[in-house]
>>> print(open('structure-v1.cif').read())   # mmCIF, C-alpha atoms and all ligand atoms
data_data
loop_
_atom_site.label_atom_id
_atom_site.label_comp_id
_atom_site.auth_asym_id
_atom_site.auth_seq_id
_atom_site.Cartn_x
_atom_site.Cartn_y
_atom_site.Cartn_z
CA MET L 1 -149.17 7.29 16.77
CA LEU L 2 -148.61 3.57 17.39
CA LEU L 3 -149.23 2.16 20.89
CA ARG L 4 -150.06 5.49 22.54
CA ALA L 5 -151.58 3.93 25.68
CA LEU L 6 -148.57 1.65 26.19
CA ARG L 7 -146.16 4.58 25.68
CA GLU L 8 -148.00 6.51 28.40
CA GLU L 9 -147.91 3.53 30.73
CA LEU L 10 -144.17 3.15 30.10
CA ILE L 11 -143.61 6.83 30.98
CA TYR L 12 -145.62 6.36 34.18
CA TYR L 13 -143.50 3.40 35.31
CA GLY L 14 -140.30 5.22 34.33
CA HIS L 15 -141.37 7.97 36.75
CA GLN L 16 -142.12 5.35 39.37
CA MET L 17 -138.59 3.95 39.00
CA LEU L 18 -137.20 7.41 39.61
CA ILE L 19 -139.36 8.44 42.56
CA SER L 20 -139.07 5.00 44.18
CA GLY L 21 -135.27 5.36 44.23
CA LEU L 22 -134.79 2.37 41.94
CA THR L 23 -132.76 4.37 39.46
CA MET L 24 -130.99 7.73 39.01
CA HIS L 25 -130.82 10.11 36.06
CA THR L 26 -131.17 8.03 32.87
CA GLY L 27 -130.12 4.65 34.32
CA GLY L 28 -132.03 1.46 33.65
CA ASN L 29 -134.68 0.94 31.02
CA LEU L 30 -138.07 -0.61 30.45
CA SER L 31 -140.23 -1.83 27.61
CA VAL L 32 -143.69 -3.20 26.95
CA ARG L 33 -144.94 -5.40 24.12
CA ASP L 34 -148.31 -5.11 22.44
CA PRO L 35 -149.62 -8.70 22.44
CA GLU L 36 -151.67 -8.11 19.27
CA SER L 37 -149.10 -6.57 16.93
CA GLY L 38 -145.98 -7.88 18.71
CA LEU L 39 -144.50 -4.36 18.52
CA ILE L 40 -142.48 -3.09 21.48
CA ALA L 41 -142.44 0.36 23.09
CA ILE L 42 -139.05 0.93 24.75
CA LYS L 43 -137.37 3.77 26.63
CA PRO L 44 -135.15 5.94 24.40
CA THR L 45 -131.46 5.89 25.25
CA SER L 46 -129.90 8.54 27.52
CA ARG L 47 -133.13 10.49 28.14
CA PRO L 48 -134.21 11.52 31.66
CA TYR L 49 -137.36 9.73 32.79
CA ASP L 50 -139.10 12.90 33.97
CA ARG L 51 -138.84 14.57 30.55
CA LEU L 52 -140.27 11.78 28.42
CA ARG L 53 -143.29 12.47 26.20
CA PRO L 54 -145.27 9.80 24.32
CA GLU L 55 -143.74 10.88 21.00
CA ASP L 56 -140.24 10.28 22.45
CA ILE L 57 -140.83 6.56 22.94
CA PRO L 58 -139.39 4.48 20.08
CA ILE L 59 -141.39 1.54 18.74
CA ILE L 60 -139.33 -1.46 17.63
CA ASP L 61 -140.09 -4.93 16.33
CA ILE L 62 -139.03 -8.22 17.92
CA GLN L 63 -135.69 -8.07 16.04
CA GLY L 64 -134.97 -4.55 17.33
CA LYS L 65 -135.71 -2.74 14.06
CA LEU L 66 -137.05 0.80 14.56
CA VAL L 67 -140.67 0.98 13.40
CA GLU L 68 -141.65 4.47 14.64
CA GLY L 69 -139.92 7.29 16.51
CA GLN L 70 -137.17 9.89 16.20
CA LEU L 71 -135.01 8.77 19.13
CA ARG L 72 -132.74 5.75 19.41
CA PRO L 73 -134.06 2.89 21.55
CA SER L 74 -132.29 1.96 24.79
CA SER L 75 -128.92 0.33 24.14
CA GLU L 76 -130.26 -2.67 26.05
CA TRP L 77 -132.79 -3.46 23.30
CA PRO L 78 -131.00 -6.79 22.54
CA MET L 79 -131.74 -7.93 26.12
CA HIS L 80 -135.39 -6.86 25.95
CA THR L 81 -136.08 -8.48 22.57
CA LEU L 82 -134.32 -11.73 23.53
CA ILE L 83 -136.50 -11.95 26.65
CA TYR L 84 -139.66 -11.58 24.53
CA ARG L 85 -138.41 -14.17 22.04
CA THR L 86 -137.52 -16.61 24.82
CA PHE L 87 -140.53 -16.18 27.09
CA PRO L 88 -143.62 -15.73 24.91
CA ARG L 89 -145.86 -14.91 27.87
CA ALA L 90 -143.64 -12.00 28.88
CA ASP L 91 -145.10 -8.69 27.68
CA ALA L 92 -143.04 -6.25 29.76
CA VAL L 93 -139.42 -5.90 30.96
CA VAL L 94 -138.03 -3.56 33.64
CA HIS L 95 -134.31 -3.18 34.37
CA CYS L 96 -132.81 -0.90 37.02
CA HIS L 97 -129.71 -0.25 39.10
CA SER L 98 -131.38 -0.12 42.52
CA PRO L 99 -128.92 0.16 45.43
CA TYR L 100 -129.39 -3.02 47.47
CA ALA L 101 -129.97 -5.28 44.46
CA LEU L 102 -126.89 -3.79 42.77
CA ALA L 103 -124.89 -4.29 45.97
CA ALA L 104 -125.93 -7.97 46.08
CA ALA L 105 -125.09 -8.31 42.37
CA ALA L 106 -121.66 -6.75 42.96
CA ALA L 107 -121.05 -9.09 45.88
CA GLY L 108 -122.17 -12.11 43.83
CA LYS L 109 -124.74 -12.81 46.56
CA GLU L 110 -127.87 -14.63 45.44
CA ILE L 111 -131.02 -13.59 47.28
CA PRO L 112 -132.93 -16.29 49.17
CA LEU L 113 -136.73 -16.26 49.12
CA ILE L 114 -137.14 -14.50 52.44
CA ASN L 115 -140.16 -12.28 51.85
CA HIS L 116 -143.47 -12.91 50.21
CA GLU L 117 -143.08 -10.39 47.40
CA ILE L 118 -140.07 -12.12 45.86
CA CYS L 119 -141.78 -15.53 46.19
CA MET L 120 -144.43 -14.36 43.72
CA HIS L 121 -141.71 -13.91 41.07
CA CYS L 122 -139.29 -16.72 41.82
CA SER L 123 -139.32 -20.42 42.64
CA SER L 124 -135.56 -20.47 43.37
CA PRO L 125 -133.25 -17.94 45.04
CA VAL L 126 -132.61 -14.93 42.80
CA ARG L 127 -129.48 -15.83 40.85
CA VAL L 128 -126.53 -13.55 40.02
CA VAL L 129 -125.04 -13.94 36.54
CA PRO L 130 -121.46 -12.84 35.73
CA PHE L 131 -120.80 -9.31 34.56
CA GLU L 132 -121.12 -8.67 30.83
CA ILE L 133 -120.69 -5.43 28.89
CA PRO L 134 -123.99 -3.50 28.85
CA GLY L 135 -125.83 -3.48 25.55
CA THR L 136 -124.28 -6.71 24.25
CA GLU L 137 -125.82 -9.99 23.12
CA ALA L 138 -123.63 -11.62 25.78
CA LEU L 139 -125.48 -9.69 28.50
CA ALA L 140 -128.82 -10.60 26.94
CA GLU L 141 -127.97 -14.31 26.90
CA SER L 142 -126.61 -14.10 30.43
CA ALA L 143 -129.89 -12.58 31.65
CA ILE L 144 -131.83 -15.45 30.09
CA ARG L 145 -129.64 -17.95 31.97
CA GLY L 146 -130.24 -15.95 35.16
CA PHE L 147 -134.00 -16.27 34.83
CA GLY L 148 -133.83 -19.95 33.94
CA LEU L 149 -137.20 -21.63 33.79
CA ASP L 150 -138.18 -20.87 37.36
CA ASN L 151 -137.68 -17.14 38.03
CA ASN L 152 -138.99 -13.89 36.53
CA VAL L 153 -136.25 -11.85 38.23
CA THR L 154 -132.47 -12.05 38.13
CA LEU L 155 -129.42 -10.03 39.13
CA LEU L 156 -126.83 -8.97 36.55
CA GLY L 157 -123.35 -9.08 38.09
CA ASN L 158 -121.97 -5.64 39.06
CA HIS L 159 -124.87 -4.07 37.18
CA GLY L 160 -128.41 -4.31 38.61
CA SER L 161 -131.65 -6.24 38.48
CA ILE L 162 -134.07 -7.17 35.70
CA ALA L 163 -137.57 -8.60 35.72
CA TYR L 164 -140.09 -9.60 33.11
CA GLY L 165 -143.82 -9.85 33.53
CA ALA L 166 -147.24 -10.08 31.97
CA THR L 167 -147.60 -6.28 32.23
CA LEU L 168 -145.47 -3.29 33.21
CA TRP L 169 -147.14 -3.40 36.63
CA HIS L 170 -145.97 -6.98 37.03
CA ALA L 171 -142.40 -6.45 35.77
CA PHE L 172 -142.05 -3.30 37.89
CA ASP L 173 -143.28 -5.31 40.88
CA GLY L 174 -140.47 -7.78 40.14
CA VAL L 175 -137.65 -5.25 40.42
CA CYS L 176 -139.32 -3.75 43.53
CA ALA L 177 -139.44 -7.25 45.05
CA ALA L 178 -135.76 -7.84 44.25
CA GLU L 179 -134.76 -4.54 45.83
CA GLN L 180 -136.85 -5.20 48.93
CA ALA L 181 -135.54 -8.77 49.28
CA ALA L 182 -131.91 -7.58 48.92
CA GLN L 183 -132.52 -4.90 51.56
CA THR L 184 -134.22 -7.44 53.85
CA LEU L 185 -131.31 -9.85 53.39
CA TYR L 186 -128.76 -7.18 54.26
CA LEU L 187 -130.62 -6.04 57.38
CA SER L 188 -131.63 -9.50 58.61
CA MET L 189 -128.02 -10.70 58.37
CA ALA L 190 -127.28 -8.11 61.06
CA PHE L 191 -129.99 -9.64 63.26
CA CYS L 192 -128.53 -13.08 62.52
CA ASN L 193 -124.99 -11.91 63.40
CA GLY L 194 -123.95 -12.32 59.77
CA GLY L 195 -125.76 -15.63 59.28
CA ALA L 196 -128.43 -16.27 56.70
CA PRO L 197 -132.11 -15.63 57.50
CA ALA L 198 -134.52 -18.53 56.98
CA PRO L 199 -136.43 -18.60 53.69
CA ILE L 200 -140.22 -18.86 53.63
CA PRO L 201 -141.19 -22.54 53.99
CA GLU L 202 -141.72 -24.44 50.75
CA GLU L 203 -145.49 -24.76 51.07
CA GLY L 204 -145.82 -20.99 51.44
CA ARG L 205 -143.43 -20.35 48.57
CA ARG L 206 -145.44 -22.61 46.26
CA ALA L 207 -148.73 -20.94 47.21
CA LEU L 208 -147.26 -17.48 46.61
CA ARG L 209 -145.69 -18.47 43.29
CA ALA L 210 -149.05 -19.74 42.09
CA CYS L 211 -150.28 -16.11 42.34
CA ASP L 212 -147.91 -15.07 39.55
CA PRO L 213 -149.96 -14.43 36.37
CA LEU L 214 -147.26 -16.09 34.25
CA GLN L 215 -147.75 -19.32 36.18
CA ARG L 216 -151.44 -19.55 35.33
CA PRO L 217 -152.08 -21.53 32.14
CA ASP L 218 -155.17 -19.44 31.43
CA ASP L 219 -154.42 -18.36 27.87
CA GLY L 220 -153.33 -21.63 26.33
CA LYS L 221 -149.68 -20.61 26.13
CA PRO L 222 -147.04 -22.53 28.08
CA PRO L 223 -145.48 -20.49 30.93
CA VAL L 224 -142.07 -20.44 29.22
CA ILE L 225 -140.22 -22.08 26.35
CA GLN L 226 -136.81 -23.65 26.62
CA ALA L 227 -134.35 -21.00 27.79
CA VAL L 228 -131.17 -20.54 25.72
ZN ZN S 1 -128.30 -1.26 33.19
#
>>> encode(input="structure-v1.cif", output="structure tokens")
Amino acid sequence: MLLRALREELIYYGHQMLISGLTMHTGGNLSVRDPESGLIAIKPTSRPYDRLRPEDIPIIDIQGKLVEGQLRPSSEWPMHTLIYRTFPRADAVVHCHSPYALAAAAAGKEIPLINHEICMHCSSPVRVVPFEIPGTEALAESAIRGFGLDNNVTLLGNHGSIAYGATLWHAFDGVCAAEQAAQTLYLSMAFCNGGAPAPIPEEGRRALRACDPLQRPDDGKPPVIQAV
């Protein structure tokens, strides 16, 4: 079986999405790329997270071609593969429909950098890109524009959040940070009588962002290539 350890890690983080309340039923998806072979393990489409077994996880190549597995890959495979092609240091992608992040995405409300977790994934406020039909190239390209060259997390209009990272741990941390920041924004606006809470000062934001593994030029690769 190809990429057994990565398949098991993917199943673990799928469970974490479910029990953390970041998704329901079969919603969202995640993938992880093997840096050596370039092959990608991705959630199968329309399968509950708590029933997944390693043999259920499809393996695809960077163009989305099925390499191993009996089940169809997530319909969002074009978005996952485009992220890997665009950001060579990304080796994991997590996408979910978590409630506060989805609410912000439906409201078209970008999320300011108001807590330290989101500052580790973003240099600019978390952008919201316009709604596109799920599973399309248009959505994939829209997500790339949402990340830009400065953020690892973005919101997909009326849809949810997506993050990429160096590992599944890192990408999962990105969608957790987006959910927490959206929740913090919603609650702090009540304390501010509907006004906006203050972001973390720039010096703090820069120090936190420097903790992101994708920002460390420690493997000779540039942090990102030109986004499409
Ligand atoms: Zn989705």
>>> residues_near_ligand(input="structure-v1.cif", ligand="ligand ZN 1 (chain S)", cutoff="9 Å", atoms="only C-alpha atoms and all ligand atoms", output="number ranges by chain")
L: 27-29, 76, 95-97, 134-135, 156, 159-162
>>> atom_distance(input="structure-v1.cif", atom1="CA of Asp61 in chain L", atom2="CA of Leu39 in chain L")
5.0 Å
>>> residues_around(input="structure-v1.cif", residues="Pro73 in chain L", least_positions_apart="4", cutoff="8 Å", atoms="only C-alpha atoms", output="list in words")
Ile42, Lys43, Pro44, Thr45, Ile57, Pro58, Ile59, Ile60, Leu66 and Trp77 of chain L
>>> axis_aligned_box(input="structure-v1.cif", around="range 13-24 of chain L", padding_each_side="5 Å", output="JSON")
{"center_x": -137.2, "center_y": 5.4, "center_z": 39.3, "size_x": 22.5, "size_y": 16.1, "size_z": 19.9}
>>> closest_residue(input="structure-v1.cif", among="L:Asp173, L:Asp150, L:Glu179, L:Glu137", to="Ser123 in chain L", atoms="all atoms listed in the file")
L:Asp150
>>> residues_around(input="structure-v1.cif", residues="range 114-118 of chain L", least_positions_apart="3", cutoff="8 Å", atoms="only C-alpha atoms", output="ChimeraX atom specification")
/L:121-122,174,177-178,181,184-185,197-200,205,208
>>> write_last_selection(input="structure-v1.cif", atoms="C-alpha atoms", output="short mmCIF file (atom, residue, chain, number, x, y, z; two decimals), in the coordinates of the input")
data_model
loop_
_atom_site.label_atom_id
_atom_site.label_comp_id
_atom_site.auth_asym_id
_atom_site.auth_seq_id
_atom_site.Cartn_x
_atom_site.Cartn_y
_atom_site.Cartn_z
CA HIS L 121 -141.71 -13.91 41.07
CA CYS L 122 -139.29 -16.72 41.82
CA GLY L 174 -140.47 -7.78 40.14
CA ALA L 177 -139.44 -7.25 45.05
CA ALA L 178 -135.76 -7.84 44.25
CA ALA L 181 -135.54 -8.77 49.28
CA THR L 184 -134.22 -7.44 53.85
CA LEU L 185 -131.31 -9.85 53.39
CA PRO L 197 -132.11 -15.63 57.50
CA ALA L 198 -134.52 -18.53 56.98
CA PRO L 199 -136.43 -18.60 53.69
CA ILE L 200 -140.22 -18.86 53.63
CA ARG L 205 -143.43 -20.35 48.57
CA LEU L 208 -147.26 -17.48 46.61
#
>>> atom_distance(input="structure-v1.cif", atom1="CA of Ser98 in chain L", atom2="CA of Ser31 in chain L")
17.4 Å
>>> closest_residue(input="structure-v1.cif", among="L:Glu68, L:Pro99, L:Ser46, L:Tyr164", to="Thr81 in chain L", atoms="only C-alpha atoms")
L:Tyr164
>>> atom_distance(input="structure-v1.cif", atom1="CA of Thr154 in chain L", atom2="CA of Arg127 in chain L")
5.5 Å
>>> residues_around(input="structure-v1.cif", residues="range 85-87 of chain L", least_positions_apart="2", cutoff="12 Å", atoms="all atoms listed in the file", output="PyMOL selection string")
chain L and resi 33+38+40+61-64+78-83+89-93+140-141+143-145+147-152+163-166+214+221-228
>>> closest_residue(input="structure-v1.cif", among="L:Val126, L:Ala207, L:Met24, L:Met189", to="Lys109 in chain L", atoms="all atoms listed in the file")
L:Val126
>>> closest_residue(input="structure-v1.cif", among="L:Tyr84, L:Tyr49, L:Phe131, L:Phe172", to="Asp34 in chain L", atoms="all atoms listed in the file")
L:Tyr84
